[in-house]
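Asks: Please find model00.cif (mmCIF, C-alpha atoms) on the next line:
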data_input
#
loop_
_atom_site.group_PDB
_atom_site.id
_atom_site.type_symbol
_atom_site.label_atom_id
_atom_site.label_comp_id
_atom_site.auth_asym_id
_atom_site.auth_seq_id
_atom_site.Cartn_x
_atom_site.Cartn_y
_atom_site.Cartn_z
ATOM 1 C CA MET A 87 -4.060 -12.337 -16.834
ATOM 2 C CA SER A 88 -5.128 -9.145 -18.613
ATOM 3 C CA ARG A 89 -3.527 -5.912 -17.526
ATOM 4 C CA GLU A 90 -5.749 -3.222 -16.051
ATOM 5 C CA GLN A 91 -5.890 0.004 -18.000
ATOM 6 C CA ALA A 92 -4.989 3.090 -16.020
ATOM 7 C CA ILE A 93 -5.088 6.839 -16.519
ATOM 8 C CA LEU A 94 -2.411 8.728 -14.597
ATOM 9 C CA VAL A 95 -3.089 12.188 -13.206
ATOM 10 C CA GLY A 96 -0.379 14.494 -11.918
ATOM 11 C CA CYS A 97 -0.349 18.025 -10.587
ATOM 12 C CA GLN A 98 2.904 19.982 -10.713
ATOM 13 C CA LEU A 99 2.726 22.292 -7.742
ATOM 14 C CA ALA A 100 4.693 25.461 -7.116
ATOM 15 C CA GLY A 101 8.287 24.735 -6.136
ATOM 16 C CA VAL A 102 8.494 21.464 -8.077
ATOM 17 C CA ASP A 103 10.696 21.769 -11.153
ATOM 18 C CA ASP A 104 9.922 20.078 -14.465
ATOM 19 C CA GLU A 105 12.593 17.387 -14.132
ATOM 20 C CA ARG A 106 11.482 16.323 -10.683
ATOM 21 C CA PHE A 107 7.835 16.244 -11.726
ATOM 22 C CA ARG A 108 8.553 14.222 -14.864
ATOM 23 C CA TYR A 109 10.598 11.723 -12.863
ATOM 24 C CA SER A 110 7.726 11.364 -10.392
ATOM 25 C CA MET A 111 5.249 10.622 -13.189
ATOM 26 C CA GLU A 112 7.608 8.107 -14.787
ATOM 27 C CA GLU A 113 8.029 6.420 -11.426
ATOM 28 C CA LEU A 114 4.243 6.243 -11.056
ATOM 29 C CA ALA A 115 3.990 4.569 -14.466
ATOM 30 C CA SER A 116 6.616 2.056 -13.361
ATOM 31 C CA LEU A 117 4.612 1.313 -10.216
ATOM 32 C CA VAL A 118 1.526 0.725 -12.344
ATOM 33 C CA ALA A 119 3.447 -1.804 -14.443
ATOM 34 C CA THR A 120 4.593 -3.546 -11.264
ATOM 35 C CA ALA A 121 0.939 -3.797 -10.207
ATOM 36 C CA ASN A 122 0.110 -5.450 -13.553
ATOM 37 C CA GLY A 123 -1.426 -2.330 -15.034
ATOM 38 C CA GLU A 124 -1.065 -0.532 -18.351
ATOM 39 C CA VAL A 125 -1.015 3.244 -18.715
ATOM 40 C CA VAL A 126 -3.383 4.320 -21.491
ATOM 41 C CA ALA A 127 -3.391 8.072 -20.883
ATOM 42 C CA GLU A 128 -1.779 10.754 -18.758
ATOM 43 C CA LEU A 129 -3.199 14.086 -17.660
ATOM 44 C CA THR A 130 -1.099 16.759 -15.963
ATOM 45 C CA GLN A 131 -1.593 20.280 -14.729
ATOM 46 C CA LYS A 132 0.469 23.058 -13.169
ATOM 47 C CA ARG A 133 -1.046 24.712 -10.109
ATOM 48 C CA GLU A 134 0.092 26.859 -7.227
ATOM 49 C CA ALA A 135 -1.707 24.535 -4.815
ATOM 50 C CA PRO A 136 -4.084 21.559 -5.020
ATOM 51 C CA HIS A 137 -7.760 22.317 -5.517
ATOM 52 C CA PRO A 138 -9.394 21.627 -2.130
ATOM 53 C CA ALA A 139 -12.314 19.723 -3.650
ATOM 54 C CA THR A 140 -10.812 17.758 -6.546
ATOM 55 C CA TYR A 141 -7.019 18.217 -6.312
ATOM 56 C CA ILE A 142 -6.859 19.288 -9.970
ATOM 57 C CA GLY A 143 -8.868 22.277 -11.195
ATOM 58 C CA LYS A 144 -12.468 22.224 -12.344
ATOM 59 C CA GLY A 145 -11.573 22.421 -16.032
ATOM 60 C CA LYS A 146 -9.036 19.600 -15.757
ATOM 61 C CA THR A 147 -11.529 17.487 -13.843
ATOM 62 C CA GLU A 148 -14.037 17.925 -16.666
ATOM 63 C CA GLU A 149 -11.312 17.050 -19.175
ATOM 64 C CA LEU A 150 -10.469 13.956 -17.151
ATOM 65 C CA ALA A 151 -14.133 12.934 -17.059
ATOM 66 C CA ALA A 152 -14.271 13.185 -20.856
ATOM 67 C CA ILE A 153 -11.148 11.026 -21.229
ATOM 68 C CA VAL A 154 -12.579 8.456 -18.823
ATOM 69 C CA LYS A 155 -15.793 8.337 -20.826
ATOM 70 C CA GLN A 156 -13.874 7.896 -24.069
ATOM 71 C CA LEU A 157 -11.280 5.320 -22.963
ATOM 72 C CA GLU A 158 -13.281 3.503 -20.261
ATOM 73 C CA PRO A 159 -10.225 2.657 -18.131
ATOM 74 C CA ASP A 160 -10.300 0.396 -15.095
ATOM 75 C CA VAL A 161 -8.695 2.883 -12.744
ATOM 76 C CA VAL A 162 -7.613 6.514 -12.445
ATOM 77 C CA ILE A 163 -4.460 6.968 -10.372
ATOM 78 C CA PHE A 164 -3.386 10.303 -8.906
ATOM 79 C CA ASN A 165 0.317 10.899 -8.384
ATOM 80 C CA SER A 166 -0.211 12.503 -4.973
ATOM 81 C CA GLU A 167 -2.187 11.503 -1.920
ATOM 82 C CA LEU A 168 -5.825 12.531 -2.083
ATOM 83 C CA SER A 169 -7.738 13.698 0.951
ATOM 84 C CA PRO A 170 -10.859 11.699 1.840
ATOM 85 C CA SER A 171 -13.116 14.475 0.526
ATOM 86 C CA GLN A 172 -11.149 14.824 -2.722
ATOM 87 C CA ALA A 173 -11.354 11.078 -3.325
ATOM 88 C CA ARG A 174 -15.113 11.087 -2.704
ATOM 89 C CA ASN A 175 -15.714 14.085 -4.965
ATOM 90 C CA LEU A 176 -13.655 12.654 -7.806
ATOM 91 C CA THR A 177 -15.381 9.293 -7.521
ATOM 92 C CA LYS A 178 -18.767 10.978 -7.858
ATOM 93 C CA MET A 179 -17.675 13.169 -10.769
ATOM 94 C CA LEU A 180 -15.888 10.477 -12.784
ATOM 95 C CA GLY A 181 -18.582 7.829 -12.510
ATOM 96 C CA GLU A 182 -18.001 4.104 -12.957
ATOM 97 C CA VAL A 183 -14.240 4.021 -12.486
ATOM 98 C CA LYS A 184 -11.966 3.396 -9.529
ATOM 99 C CA VAL A 185 -10.120 6.447 -8.249
ATOM 100 C CA ILE A 186 -7.022 5.788 -6.169
ATOM 101 C CA ASP A 187 -3.824 7.628 -5.327
ATOM 102 C CA ARG A 188 -0.129 6.830 -5.194
ATOM 103 C CA THR A 189 -0.307 5.582 -1.606
ATOM 104 C CA GLN A 190 -3.026 3.059 -2.416
ATOM 105 C CA LEU A 191 -1.054 1.860 -5.420
ATOM 106 C CA ILE A 192 2.041 1.271 -3.288
ATOM 107 C CA LEU A 193 -0.009 -0.574 -0.666
ATOM 108 C CA ASP A 194 -1.419 -2.702 -3.469
ATOM 109 C CA ILE A 195 2.099 -3.685 -4.527
ATOM 110 C CA PHE A 196 3.053 -4.482 -0.935
ATOM 111 C CA ALA A 197 -0.047 -6.676 -0.686
ATOM 112 C CA ARG A 198 1.001 -8.623 -3.776
ATOM 113 C CA ARG A 199 4.470 -9.238 -2.368
ATOM 114 C CA ALA A 200 3.653 -10.007 1.268
ATOM 115 C CA ARG A 201 4.499 -13.621 2.090
ATOM 116 C CA SER A 202 4.855 -14.031 5.853
ATOM 117 C CA LYS A 203 1.920 -13.881 8.238
ATOM 118 C CA GLU A 204 3.391 -10.801 9.884
ATOM 119 C CA GLY A 205 3.949 -9.105 6.537
ATOM 120 C CA LYS A 206 0.387 -9.765 5.414
ATOM 121 C CA LEU A 207 -0.989 -8.420 8.683
ATOM 122 C CA GLN A 208 1.129 -5.277 8.417
ATOM 123 C CA VAL A 209 -0.133 -4.628 4.891
ATOM 124 C CA GLU A 210 -3.726 -5.239 5.905
ATOM 125 C CA LEU A 211 -3.329 -2.861 8.848
ATOM 126 C CA ALA A 212 -1.921 -0.144 6.601
ATOM 127 C CA GLN A 213 -4.739 -0.639 4.087
ATOM 128 C CA LEU A 214 -7.456 -0.484 6.714
ATOM 129 C CA GLU A 215 -6.036 2.559 8.483
ATOM 130 C CA TYR A 216 -5.681 4.361 5.164
ATOM 131 C CA MET A 217 -9.148 3.454 3.927
ATOM 132 C CA LEU A 218 -11.074 4.040 7.166
ATOM 133 C CA PRO A 219 -11.600 7.803 6.695
ATOM 134 C CA ARG A 220 -12.271 7.209 2.988
ATOM 135 C CA LEU A 221 -15.037 4.630 3.335
ATOM 136 C CA SER A 222 -17.935 6.988 2.744
ATOM 137 C CA GLY A 223 -18.549 7.139 -0.975
ATOM 138 C CA GLN A 224 -15.254 5.761 -2.221
ATOM 139 C CA GLY A 225 -15.591 2.542 -0.248
ATOM 140 C CA GLU A 226 -18.976 1.931 -1.823
ATOM 141 C CA ALA A 227 -17.534 2.611 -5.278
ATOM 142 C CA LEU A 228 -14.646 0.186 -4.799
ATOM 143 C CA SER A 229 -17.083 -2.448 -3.596
ATOM 144 C CA ARG A 230 -19.291 -1.928 -6.639
ATOM 145 C CA LEU A 231 -16.396 -2.022 -9.087
ATOM 146 C CA GLY A 232 -14.801 -5.175 -7.706
ATOM 147 C CA GLY A 233 -11.123 -6.052 -7.272
ATOM 148 C CA GLY A 234 -7.964 -5.072 -9.068
ATOM 149 C CA ILE A 235 -5.385 -2.351 -8.562
ATOM 150 C CA GLY A 236 -5.930 -0.534 -5.295
ATOM 151 C CA THR A 237 -8.136 -3.225 -3.762
ATOM 152 C CA ARG A 238 -5.864 -6.265 -3.529
ATOM 153 C CA GLY A 239 -4.367 -7.896 -0.509
ATOM 154 C CA PRO A 240 -5.333 -9.562 2.738
ATOM 155 C CA GLY A 241 -7.719 -6.709 3.526
ATOM 156 C CA GLU A 242 -9.467 -6.689 0.157
ATOM 157 C CA THR A 243 -12.945 -7.768 1.258
ATOM 158 C CA LYS A 244 -12.630 -6.153 4.689
ATOM 159 C CA LEU A 245 -12.244 -2.701 3.140
ATOM 160 C CA GLU A 246 -15.879 -2.878 2.095
ATOM 161 C CA THR A 247 -17.324 -3.381 5.565
ATOM 162 C CA ASP A 248 -18.575 -0.805 8.033
ATOM 163 C CA ARG A 249 -16.400 1.435 10.180
ATOM 164 C CA ARG A 250 -17.098 -0.395 13.423
ATOM 165 C CA HIS A 251 -16.001 -3.718 12.010
ATOM 166 C CA ILE A 252 -12.870 -2.164 10.516
ATOM 167 C CA ARG A 253 -11.899 -0.502 13.793
ATOM 168 C CA ARG A 254 -12.353 -3.831 15.556
ATOM 169 C CA ARG A 255 -10.266 -5.558 12.897
ATOM 170 C CA ILE A 256 -7.524 -2.922 13.278
ATOM 171 C CA ASP A 257 -7.414 -3.589 17.025
ATOM 172 C CA ASP A 258 -7.250 -7.347 16.410
ATOM 173 C CA ILE A 259 -4.387 -6.982 13.932
ATOM 174 C CA LYS A 260 -2.398 -4.756 16.290
ATOM 175 C CA ALA A 261 -2.844 -7.283 19.093
ATOM 176 C CA GLU A 262 -1.796 -10.138 16.808
ATOM 177 C CA LEU A 263 1.310 -8.234 15.682
ATOM 178 C CA VAL A 264 2.251 -7.712 19.332
ATOM 179 C CA ARG A 265 1.877 -11.450 19.964
ATOM 180 C CA ILE A 266 4.023 -12.254 16.930
ATOM 181 C CA ALA A 267 6.718 -9.836 18.097
ATOM 182 C CA GLU A 268 6.667 -11.307 21.611
ATOM 183 C CA HIS A 269 6.883 -14.844 20.234
ATOM 184 C CA ARG A 270 9.820 -13.849 18.046
ATOM 185 C CA GLY A 271 11.517 -12.289 21.064
ATOM 186 C CA ARG A 272 11.080 -15.451 23.151
ATOM 187 C CA TYR A 273 12.365 -17.594 20.287
ATOM 188 C CA ARG A 274 15.424 -15.372 19.878
ATOM 189 C CA GLU A 275 16.087 -15.534 23.621
ATOM 190 C CA ARG A 276 15.885 -19.349 23.617
ATOM 191 C CA ARG A 277 18.316 -19.529 20.709
ATOM 192 C CA GLN A 278 20.781 -17.272 22.502
ATOM 193 C CA LYS A 279 20.546 -19.386 25.668
ATOM 194 C CA THR A 280 21.134 -22.543 23.624
ATOM 195 C CA LYS A 281 24.189 -21.006 21.966
ATOM 196 C CA ARG A 282 25.625 -19.926 25.339
ATOM 197 C CA PHE A 283 25.072 -23.414 26.767
ATOM 198 C CA LYS A 284 26.817 -25.058 23.813
ATOM 199 C CA TRP A 285 29.743 -22.648 24.117
ATOM 200 C CA ARG A 286 30.162 -23.357 27.829
ATOM 201 C CA SER A 287 29.951 -27.099 27.242
ATOM 202 C CA SER A 288 32.669 -27.004 24.584
ATOM 203 C CA ALA A 289 34.846 -24.761 26.747
ATOM 204 C CA ILE A 290 35.068 -27.274 29.627
ATOM 205 C CA GLN A 291 35.618 -30.376 27.502
ATOM 206 C CA THR A 292 39.086 -31.928 27.676
ATOM 207 C CA PRO A 293 40.585 -32.533 24.242
ATOM 208 C CA ALA A 294 40.920 -36.220 23.499
ATOM 209 C CA ASN A 295 44.605 -35.926 22.609
ATOM 210 C CA GLN A 296 45.627 -33.942 25.719
ATOM 211 C CA ARG A 297 48.238 -35.760 27.905
ATOM 212 C CA PHE A 298 48.868 -35.407 31.621
ATOM 213 C CA SER A 299 52.090 -36.275 33.441
ATOM 214 C CA ILE A 300 51.952 -37.702 36.976
ATOM 215 C CA GLY A 301 54.700 -37.328 39.513
#
Kindly return the structure encoded in the file as structure tokens.
Replies:
Amino acid sequence: MSREQAILVGCQLAGVDDERFRYSMEELASLVATANGEVVAELTQKREAPHPATYIGKGKTEELAAIVKQLEPDVVIFNSELSPSQARNLTKMLGEVKVIDRTQLILDIFARRARSKEGKLQVELAQLEYMLPRLSGQGEALSRLGGGIGTRGPGETKLETDRRHIRRRIDDIKAELVRIAEHRGRYRERRQKTKRFKWRSSAIQTPANQRFSIG
């Protein structure tokens, strides 16, 4: 399986020292590798605060767009969580490339590793709740660009559907998780009752080698 090419974008905000920021970017690169991706470029910027529209500044966004055009990566991954409006704006400005953030990348990794039914449902719930406010614009882009990093997991195709369907699916998942938890509780209770019964039974048994004297 070929590894997806990713551009990492980080913004060192006021109050974050160089060492901490560098560690955060290295950790992001490690997460990309875990998600079967390959980092082909990295773009960073120092700012007092995130740009409200694009997280990074206008000049850096234009620089990023040029790098995307040159390298044609599969995905651009921001080191911090993007607001719904920032994600939509960046998607429009960068063109035919997926734009995701650190949270989506982590959810992607969880989706790859989920094995139990409950685990898969929990990941799907987290994906849907995270993507719901981001459906406008970005959801359409992810649908157009297909699968891969940031779109994997039990909820992969469901992320592309309308808000009403997603809200209904969220309610269904929550109800199913409650049923699973209740079933697990009943199973645990039955096991405890069985253990108590076995203990009582063994406690009243007379050892085979015990002797009694009469008279």
Asks: Could you jot down the atom CA of A:Lys144 to atom CA of A:Lys132 separation for me, Å, one decimal place?
Replies: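 Separation between atom CA of A:Lys144 and atom CA of A:Lys132: 13.0 Å.
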Asks: Return as a list in words the set of residues that the PyMOL selection byres ((chain A and resi 164) around 9) yields on the displayed structure.
Replies: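 Written out, the selection comes to Ile93, Leu94, Val95, Gly96, Cys97, Leu114, Val162, Ile163, Asn165, Ser166, Glu167, Leu168, Val185, Ile186, Asp187 and Arg188 of chain A.
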Asks: Using the chain letters and numbers from the file, which residues does the PyMOL selection byres ((chain A and resi 100) around 10) grab, as a short mmCIF file (atom, residue, chain, number, x, y, z; two decimals) with C-alpha atoms, in the coordinates of the input?
Replies:
data_model
loop_
_atom_site.label_atom_id
_atom_site.label_comp_id
_atom_site.auth_asym_id
_atom_site.auth_seq_id
_atom_site.Cartn_x
_atom_site.Cartn_y
_atom_site.Cartn_z
CA CYS A 97 -0.35 18.02 -10.59
CA GLN A 98 2.90 19.98 -10.71
CA LEU A 99 2.73 22.29 -7.74
CA GLY A 101 8.29 24.74 -6.14
CA VAL A 102 8.49 21.46 -8.08
CA ASP A 103 10.70 21.77 -11.15
CA LYS A 132 0.47 23.06 -13.17
CA ARG A 133 -1.05 24.71 -10.11
CA GLU A 134 0.09 26.86 -7.23
CA ALA A 135 -1.71 24.54 -4.82
CA PRO A 136 -4.08 21.56 -5.02
#
Asks: I need the residue nearest A:Ile153 from this list: A:Asn175, A:Val183, A:Phe107, A:Ser169. Use all atoms listed in the file for the distance.
Replies: A:Val183
Asks: Can you tell me, as a PDB file with C-alpha atoms, in the frame of the given file, what residues are no more than 12 Å from A:Ala119 when counting only C-alpha atoms, ignoring any on the same chain fewer than 2 positions away?
Replies:
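Everything below was put into selection_26.pdb:
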ATOM      1  CA  ARG A  89      -3.527  -5.912 -17.526  1.00  0.00           C
ATOM      2  CA  GLU A  90      -5.749  -3.222 -16.051  1.00  0.00           C
ATOM      3  CA  GLN A  91      -5.890   0.004 -18.000  1.00  0.00           C
ATOM      4  CA  ALA A  92      -4.989   3.090 -16.020  1.00  0.00           C
ATOM      5  CA  GLU A 112       7.608   8.107 -14.787  1.00  0.00           C
ATOM      6  CA  GLU A 113       8.029   6.420 -11.426  1.00  0.00           C
ATOM      7  CA  LEU A 114       4.243   6.243 -11.056  1.00  0.00           C
ATOM      8  CA  ALA A 115       3.990   4.569 -14.466  1.00  0.00           C
ATOM      9  CA  SER A 116       6.616   2.056 -13.361  1.00  0.00           C
ATOM     10  CA  LEU A 117       4.612   1.313 -10.216  1.00  0.00           C
ATOM     11  CA  ALA A 121       0.939  -3.797 -10.207  1.00  0.00           C
ATOM     12  CA  ASN A 122       0.110  -5.450 -13.553  1.00  0.00           C
ATOM     13  CA  GLY A 123      -1.426  -2.330 -15.034  1.00  0.00           C
ATOM     14  CA  GLU A 124      -1.065  -0.532 -18.351  1.00  0.00           C
ATOM     15  CA  VAL A 125      -1.015   3.244 -18.715  1.00  0.00           C
ATOM     16  CA  VAL A 126      -3.383   4.320 -21.491  1.00  0.00           C
ATOM     17  CA  LEU A 191      -1.054   1.860  -5.420  1.00  0.00           C
ATOM     18  CA  ILE A 192       2.041   1.271  -3.288  1.00  0.00           C
ATOM     19  CA  ILE A 195       2.099  -3.685  -4.527  1.00  0.00           C
ATOM     20  CA  ILE A 235      -5.385  -2.351  -8.562  1.00  0.00           C
TER      21      ILE A 235
END
Asks: Which distance in Å separates atom CA of A:Leu129 and atom CA of A:Leu180, to one decimal?
Replies: 14.1 Å
Asks: Counting all atoms listed in the file, which of A:Val161, A:Val154, A:Ala173, A:Leu263 gets nearest to A:Arg220?
Replies: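 With all atoms listed in the file as the atom set, the closest residue is A:Ala173.
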Asks: Quote the spacing between atom CA of A:Thr140 and atom CA of A:Asp194 in Å to one decimal place.
Replies: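 Separation of atom CA of A:Thr140 and atom CA of A:Asp194: 22.7 Å.
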Asks: Please, what is the axis-aligned box for every listed atom of stretch 128-132 of chain A with 6 Å on each side, as centre and edge lengths in Å to one decimal, as JSON?
Replies:
{"center_x": -1.4, "center_y": 16.9, "center_z": -16.0, "size_x": 15.7, "size_y": 24.3, "size_z": 17.6}
Asks: Residues within 12 Å of A:Gln208, please, as an NGL selection string. Count only C-alpha atoms; anything in the same chain fewer than 3 positions from it doesn't count.
Replies: :A and (193 or 196-197 or 199-205 or 211-215 or 239-241 or 256 or 258-264 or 266)
Asks: For A:Tyr141, which residue out of A:Pro170, A:Ile252, A:Leu218, A:Leu207 is the nearest one, using all atoms listed in the file?
Replies: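 Nearest candidate to A:Tyr141 out of A:Pro170, A:Ile252, A:Leu218, A:Leu207: A:Pro170.
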